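Data first, discussion second: the structure below is written as structure tokens.
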Number of protein chains: 4
Amino acid sequence: MFFASDNTSGATPEVMRALIRANDGYARGYGGDEITARVTAQLREVFDAPDAAVHLVATGTAANALALATHTQPWQAVFCHRHAHIAEDECGAPEFFTNGAKLALVDGPHGKMTPDTLAQALGTTGESGVHGVQRGILSITNVTEAGTVYTPSEISALTALAKSHGIPSHLDGARFANALVATGASPAQMTWQAGIDVVSFGGTKNGCLGAEAVVIFDPARDWEFQLRRKRAGHLISKNRYLAAQMEGYLTDGAWLHHAAHANAMGTLLADGLARLNSVHQRHPVQANMMFPEWAAGTHDRLKAAGAAYYPYLAPQGREAARLVTSWSTTSADVDHFLTAFQG
Amino acid sequence: MFFASDNTSGATPEVMRALIRANDGYARGYGGDEITARVTAQLREVFDAPDAAVHLVATGTAANALALATHTQPWQAVFCHRHAHIAEDECGAPEFFTNGAKLALVDGPHGKMTPDTLAQALGTTGESGVHGVQRGILSITNVTEAGTVYTPSEISALTALAKSHGIPSHLDGARFANALVATGASPAQMTWQAGIDVVSFGGTKNGCLGAEAVVIFDPARDWEFQLRRKRAGHLISKNRYLAAQMEGYLTDGAWLHHAAHANAMGTLLADGLARLNSVHQRHPVQANMMFPEWAAGTHDRLKAAGAAYYPYLAPQGREAARLVTSWSTTSADVDHFLTAFQG
Amino acid sequence: MFFASDNTSGATPEVMRALIRANDGYARGYGGDEITARVTAQLREVFDAPDAAVHLVATGTAANALALATHTQPWQAVFCHRHAHIAEDECGAPEFFTNGAKLALVDGPHGKMTPDTLAQALGTTGESGVHGVQRGILSITNVTEAGTVYTPSEISALTALAKSHGIPSHLDGARFANALVATGASPAQMTWQAGIDVVSFGGTKNGCLGAEAVVIFDPARDWEFQLRRKRAGHLISKNRYLAAQMEGYLTDGAWLHHAAHANAMGTLLADGLARLNSVHQRHPVQANMMFPEWAAGTHDRLKAAGAAYYPYLAPQGREAARLVTSWSTTSADVDHFLTAFQG
Amino acid sequence: MFFASDNTSGATPEVMRALIRANDGYARGYGGDEITARVTAQLREVFDAPDAAVHLVATGTAANALALATHTQPWQAVFCHRHAHIAEDECGAPEFFTNGAKLALVDGPHGKMTPDTLAQALGTTGESGVHGVQRGILSITNVTEAGTVYTPSEISALTALAKSHGIPSHLDGARFANALVATGASPAQMTWQAGIDVVSFGGTKNGCLGAEAVVIFDPARDWEFQLRRKRAGHLISKNRYLAAQMEGYLTDGAWLHHAAHANAMGTLLADGLARLNSVHQRHPVQANMMFPEWAAGTHDRLKAAGAAYYPYLAPQGREAARLVTSWSTTSADVDHFLTAFQG
């Protein structure tokens with residue numbers, strides 16, 4: 001009953017098989033190998049973006065920070081939701097990689113910026129000449145940190161505002177597959193067709209050991225990205241192992257099946273909780289992550305039954321939690337959890 | 001016949017087995033797992049340093065840059081050999097991670113600083129008050145980029161100079177195991193007993209997929225290192241896979257056996273070349289890397305036979321190369337190479 | 001009728017006289033001159049802080065950014081009011097000088113943080129281990145950007161919260177003299193006796209050409225500050241001219257007389273406006289800066305009469321402005337303005 | 001007898017007069033004043049560069065570091081002479097402002113790079129793909145730190161090499177006027193006509209209190225420079241005082257007359273020393289700075305007579321010094337020095 005994070009799950013069988021296969025013989029270092037070439041082509045196809053620059057890194061923080069830095073100057077602002085991962089959970093990595101850009105925190109319910117809140121933030125930045133920082137880039141997270149999902153048209157509405165101020169847009173897709181499955185959108189619909197310029201395409205949470213792709217739709221940015229990646233220590237010498245993970249991840253749509261499963265387990269768990277007295281979800285449950293509140297005392301019961309998850313602050317008499325399902329969550333896990341909940 | 005780099009080799013069987021074993025079930029993220037705890041203890045034992053801070057990262061550049069940054073201020077100088085990896089092959093990662101420290105390049109034959117050349121560099125830095133950068137840290141590479149090896153007493157002589165100027169010393173041990181085998185020194189003798197304060201302990205070139213440890217002998221630096229690692233995107237969420245590699249690497253001295261093999265293959269190759277007319281080694285061959293010069297025309301013959309390695313610039317009528325052996329080089333590879341050489 | 005900013009005023013006669021006097025003969029560069037020595041002693045006396053490190057720079061942004069950087073790590077947060085000068089008007093200088101620290105924006109009415117709003121910001125930062133940035137420093141501006149003033153006891157309440165979280169406190173005193181005059185506090189009462197660790201002591205807005213002092217109460221930070229100043233290009237070679245300005249500024253309490261005059265002119269102007277129909281002050285007027293709202297159409301009338309100031313956004317049918325008085329504002333200027341206002 | 005540095009001299013009468021004149025009344029801040037507008041036009045005329053971006057800062061280090069940063073990426077190299085001011089005397093300011101670019105130190109006798117030494121440095125940088133830093137910018141100092149002077153054609157030869165590698169060229173003209181006078185070149189001939197893209201035009205050493213201009217011949221870089229200047233705390237709020245200094249400096253060719261005088265005093269001093277037994281100049285004396293060696297014991301004699309200058313290291317039995325003349329050096333100073341020398 002591990003609901004702490006999708007990164008407590010292991011790697012999928014396809015990924016492990018690809019990794020083992022990749023270990024055969026010699027391969028050129030630093031991405032000059034054949035698997036890297038193949039997976040680059042594959043990702044371009046997935047995104048229907050034949051000219052995109054595609055590169056792999058081992059962590060989501062690296063993917064985000066490198067993507068942002070390649071599109072931002074140090075004297076600019078990165079617009080993101082107040083509770084975005086880049087704002088709260090990366091120990092200032094965006095500031096480090098951009099050499100000191102400022103995060104402009106945008107409000108909005110349930111982890112989502114709205115056209116109104118974004119317009120306000122954009123409107124009050126860069127209006128005082130050299131005295132204030134300039135507008136830099138918009139960063140949208142999908143699935144959000146609140147477990148909610150932007151539709152492509154919601155993304156379009158935000159990126160259109162960014163474009164109207166002359167700045168590009170980034171998508172933090174640490175849970176990209178879960179967002180696709182939740183909306184039925186294609187990768188292209190969710191990204192460049194919705195005005196996104198660069199994507200952090202997550203693999204780790206959905207079944208890789210540690211592999212993320214950065215997809216840059218403007219190939220003119222390619223070389224700068226590569227230099228930044230190397231300079232940040234994120235160019236893996238035996239890159240075939242990163243590439244193999246991603247190849248296994250993508251094979252025969254495995255990534256989407258696993259995400260669909262994770263989301264389905266999320267729905268199963270949310271539905272089960274909804275049937276229980278006194279459970280309240282703080283945010284709409286739209287993918288594989290939820291933030292229920294319940295009566296005090298429940299934590300002890302769940303813990304005793306072996307459930308692992310992060311508790312959250314809650315009002316007097318209540319308790320709260322973050323629960324995340326993953327590709328490896330089973331319906332038995334969910335049943336077990338719900339049973340334990342009821343004591 | 002792959003002699004291009006030890007990073008064109010795959011992962012050893014022990015490493016792959018450990019990795020596969022690690023994939024079983026759930027594990028806490030970000031290094032909170034049991035394998036990370038075990039391998040931390042193991043590395044402390046390897047270094048006979050029970051209080052050392054020990055952390056894993058995926059690349060040697062990250063290990064070096066984080067180690068240096070944790071011990072250096074932006075207005076200081078990092079003293080290293082003119083041809084050190086940190087100076088020539090990391091695209092300015094030390095400058096990035098230290099927020100702009102300066103590399104003070106020290107001369108010396110065969111890739112090695114000498115007490116004289118280092119003393120001169122130390123003596124001409126930090127002597128002009130606020131106007132010049134201050135002395136920061138000494139960084140020694142072992143095995144050097146020239147394939148030569150420092151003995152512990154040679155390292156002691158250099159670190160003593162650094163200490164006399166009040167600065168700490170770093171060891172870039174991307175090929176640490178090969179240096180140990182070449183000198184017969186223990187990890188402790190090669191490092192803290194020789195005045196080293198922080199080590200980049202390489203695993204990748206000697207048989208991991210991508211795993212390096214940073215060993216910091218002053219535990220007071222631990223927390224800063226961890227913050228820097230996270231901020232640089234080098235804290236792996238599913239850290240168990242990094243830890244498993246390192247555990248497999250260390251098991252039953254496998255790492256030393258593999259390095260001994262790589263060095264033995266280096267000796268075999270060097271001895272074979274020494275018996276050939278006209279081959280000259282630019283540097284003494286002391287580990288698993290060599291820089292032979294030979295008559296022009298040889299490249300074509302070797303290439304035709306399928307040999308892979310990096311050519312180097314050479315005088316008119318000559319050719320030069322870097323040849324690296326690894327844990328997976330076979331004596332048949334060496335024979336094949338020598339046969340092809342003779343045409 | 002210049003009410004645009006106190007930096008549109010010139011230099012006071014005392015400052016100009018000291019500057020001219022300083023031009024006599026030769027003087028050692030980089031602060032090794034006698035005027036610098038004298039003014040250092042004088043500032044220590046002003047602050048009743050015989051051990052303080054005292055240094056001069058030419059701009060308030062440099063003073064603030066250097067003061068902050070000397071007390072903050074790149075992975076930390078600087079707590080300041082949402083509308084602080086360091087947050088809105090320095091084009092990211094704090095981020096640049098700190099190598100990427102994050103500004104944590106604290107709310108509060110009339111430009112002032114409150115113990116409640118600060119406690120909340122402090123409480124939600126640095127609580128997630130390596131994942132989030134750590135608490136770094138508190139920065140308080142007095143006079144605030146809203147023209148309001150903190151009393152020493154209000155400052156103490158904020159710095160006590162900072163101290164309870166183990167972090168130091170900075171005072172941005174671009175209008176320090178105006179704050180002293182407004183509260184009747186001494187420099188020591190306003191700073192180290194109220195828990196402040198480092199002060200940007202402004203001279204420019206109150207009558208220098210361009211001279212600010214940084215006063216660091218912990219002399220252990222002195223050398224780092226000096227290296228950072230030099231590295232940022234803020235060590236003036238002919239430092240005697242900076243020092244002379246500050247010496248002229250301080251002579252016989254001239255700085256306090258000028259600030260008292262500026263504040264008095266502020267009061268005169270505010271009182272005059274208060275007698276007019278329909279003028280509303282957005283913030284309490286406590287020093288030499290105010291933010292009145294008035295009926296639409298007033299701007300044109302004032303502009304026609306030659307009044308210079310910054311207009312602000314206002315609701316439909318209204319207009320708003322920032323008006324700043326200075327050492328050189330005359331009561332005739334105020335009368336003229338009020339007359340023009342009434343048309 | 002002050003020969004320590006040209007920055008121990010005061011400001012010229014023209015500069016002081018302009019400064020005093022500038023103090024009259026109110027002026028818009030941050031360079032929006034009329035004097036700034038006038039001096040911008042004047043500098044464009046001086047350089048025969050009507051489209052150039054022209055901005056003022058208070059120090060040479062700021063001018064250099066901002067000029068370099070505006071033309072360089074963090075992962076690039078700045079090519080400069082091994083003993084350039086930017087390499088040895090700015091505490092790493094170029095590294096700070098560029099966010100970590102690397103200085104590639106070029107050899108050459110008497111403080112001057114040669115086409116050969118520069119070609120070698122350019123040829124060995126940026127040739128290893130992402131692994132090494134890329135070529136960024138060439139920085140030439142004129143007058144050099146050795147007191148020697150590049151002619152325009154020597155500069156052209158160096159910038160042509162830079163251009164052949166696709167990189168721009170910077171001129172550090174802290175003693176620009178002395179170099180012009182020494183060569184008879186015009187500002188345009190010494191800069192853009194010789195392939196220079198950006199100039200640090202020094203005023204301080206030749207008679208300002210602290211004023212340098214940065215002249216950028218490609219106006220497309222203007223806005224970035226302005227943002228960097230503000231962000232670095234180098235935009236002076238009462239900019240009229242910087243501008244007034246520069247206006248006074250330029251008036252009626254005063255700057256060239258003063259530099260001619262300084263150089264003439266240099267020649268007088270060098271000629272006088274040449275007539276003395278045992279004086280050897282380390283470098284050709286071509287402007288207002290020289291590096292004589294003389295017999296041991298001379299320092300004491302000169303010091304007793306009140307001479308101020310920097311001693312340098314010298315071989316056994318010898319002494320060495322740096323002597324700098326300036327706009328305020330008198331022939332009586334020189335006579336006095338030579339008399340004291342002879343004892």
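Labeling convention for the structure tokens: chains A, B, ... as they appear, residues from 1 per chain, ligands from 1 in order of appearance.
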List as a tab-separated table every residue of chain C that is in contact with chain B, defined as an atom at most 7 Å from one of its atoms (using only C-alpha atoms), together with the nearest atom pair and the distance in Å rounded to one decimal, sorted by chain and then rising number.
```
residue	atom	partner	partner_atom	distance
C:Asn99	CA	B:Asn99	CA	6.6
C:Val130	CA	B:Leu227	CA	5.4
C:His131	CA	B:Lys230	CA	6.9
C:Gln226	CA	B:Val130	CA	6.7
C:Leu227	CA	B:Val130	CA	5.3
C:Lys230	CA	B:Val130	CA	6.4
```
Find the spatial neighbours of region 141-158 of chain B, counting only C-alpha atoms, within a cut-off of 7 Å - ignore same-chain residues fewer than 6 positions away - and output them as a list of chain:residue names.
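Result of the neighbour search: B:His83, B:Ala84, B:His85, B:His110, B:Gly111, B:Lys112, B:Pro115, B:Leu171, B:Asp172, B:Gly173, B:Arg175, B:Phe176, B:Asn178, B:Ala179, B:Thr183, B:Gln189, B:Met190, B:Ala194, B:Gly195, B:His283, B:Pro284, B:Val285, B:Gln286, B:Ala287, B:Asn288, B:Met289, B:Met290.
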Tell me which protein, DNA and RNA residues are within 10 Å of Gly32 (chain C), counting only C-alpha atoms, leaving out same-chain ones fewer than 3 positions away, and put them as a list of chain:residue names.
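Non-adjacent residues within range: C:Ala27, C:Arg28, C:Gly29, C:Ile35, C:Thr36, C:Ala37, C:Ser237, C:Lys238, C:Asn239, C:Arg240.
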CA of Glu127 (chain C) and CA of Gly233 (chain B) are how many Å apart?
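Distance reported for this atom pair: 19.1 Å.
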Shell of 12 Å around Thr124 (chain C), only C-alpha atoms, local chain residues under 4 positions omitted, as a VMD selection string
(chain A and resid 83 88 313) or (chain C and resid 77 79 104 to 106 117 to 120 128 to 129 132 to 135 165)
Quick one, how far is CA of Val39 (chain B) from CA of Tyr310 (chain A)?
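According to the coordinates, CA of Val39 (chain B) and CA of Tyr310 (chain A) are separated by 25.9 Å.
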With a distance cut-off of 10 Å and only C-alpha atoms, select the neighbouring residues of Ala243 (chain C), excluding the residue or stretch itself and same-chain residues fewer than 3 positions from it, and output the selection as an MDAnalysis selection string.
chainID C and resid 18:19 22 31 33:40 55:57 211:213 238:240 246:249
Compile the contact shell of Thr61 (chain C) as a PyMOL selection string: residues with an atom at most 8 Å away, counting only C-alpha atoms, same-chain residues fewer than 3 positions apart removed.
(chain C and resi 64-65+86+90+93) or (chain D and resi 232-233)
Any chance you could list, as a ChimeraX atom specification, the residues in region 58-247 of chain B that come up helix (DSSP H, G or I) when DSSP is run on the backbone?
/B:60-70,85-88,93-97,109-111,115-123,129-131,152-164,176-183,187-190,192-194,219-231,240-247
Which of region 70-179 of chain A DSSP labels strand (DSSP E), written as a ChimeraX atom specification:
/A:76-81,102-106,134-141,169-173
Could you give me, as an MDAnalysis selection string, the residues within 12 Å of Asp300 (chain A), counting only C-alpha atoms and dropping anything in the same chain fewer than 3 positions from it?
chainID A and resid 295:297 303:308 311 319 340:343
Return the single residue from A:Tyr26, A:Asp48, A:Ala274, A:Val15 that is closest to Trp327 (chain B), with distances computed using only C-alpha atoms.
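Checking each of A:Tyr26, A:Asp48, A:Ala274, A:Val15 against Trp327 (chain B), counting only C-alpha atoms, the winner is A:Tyr26.
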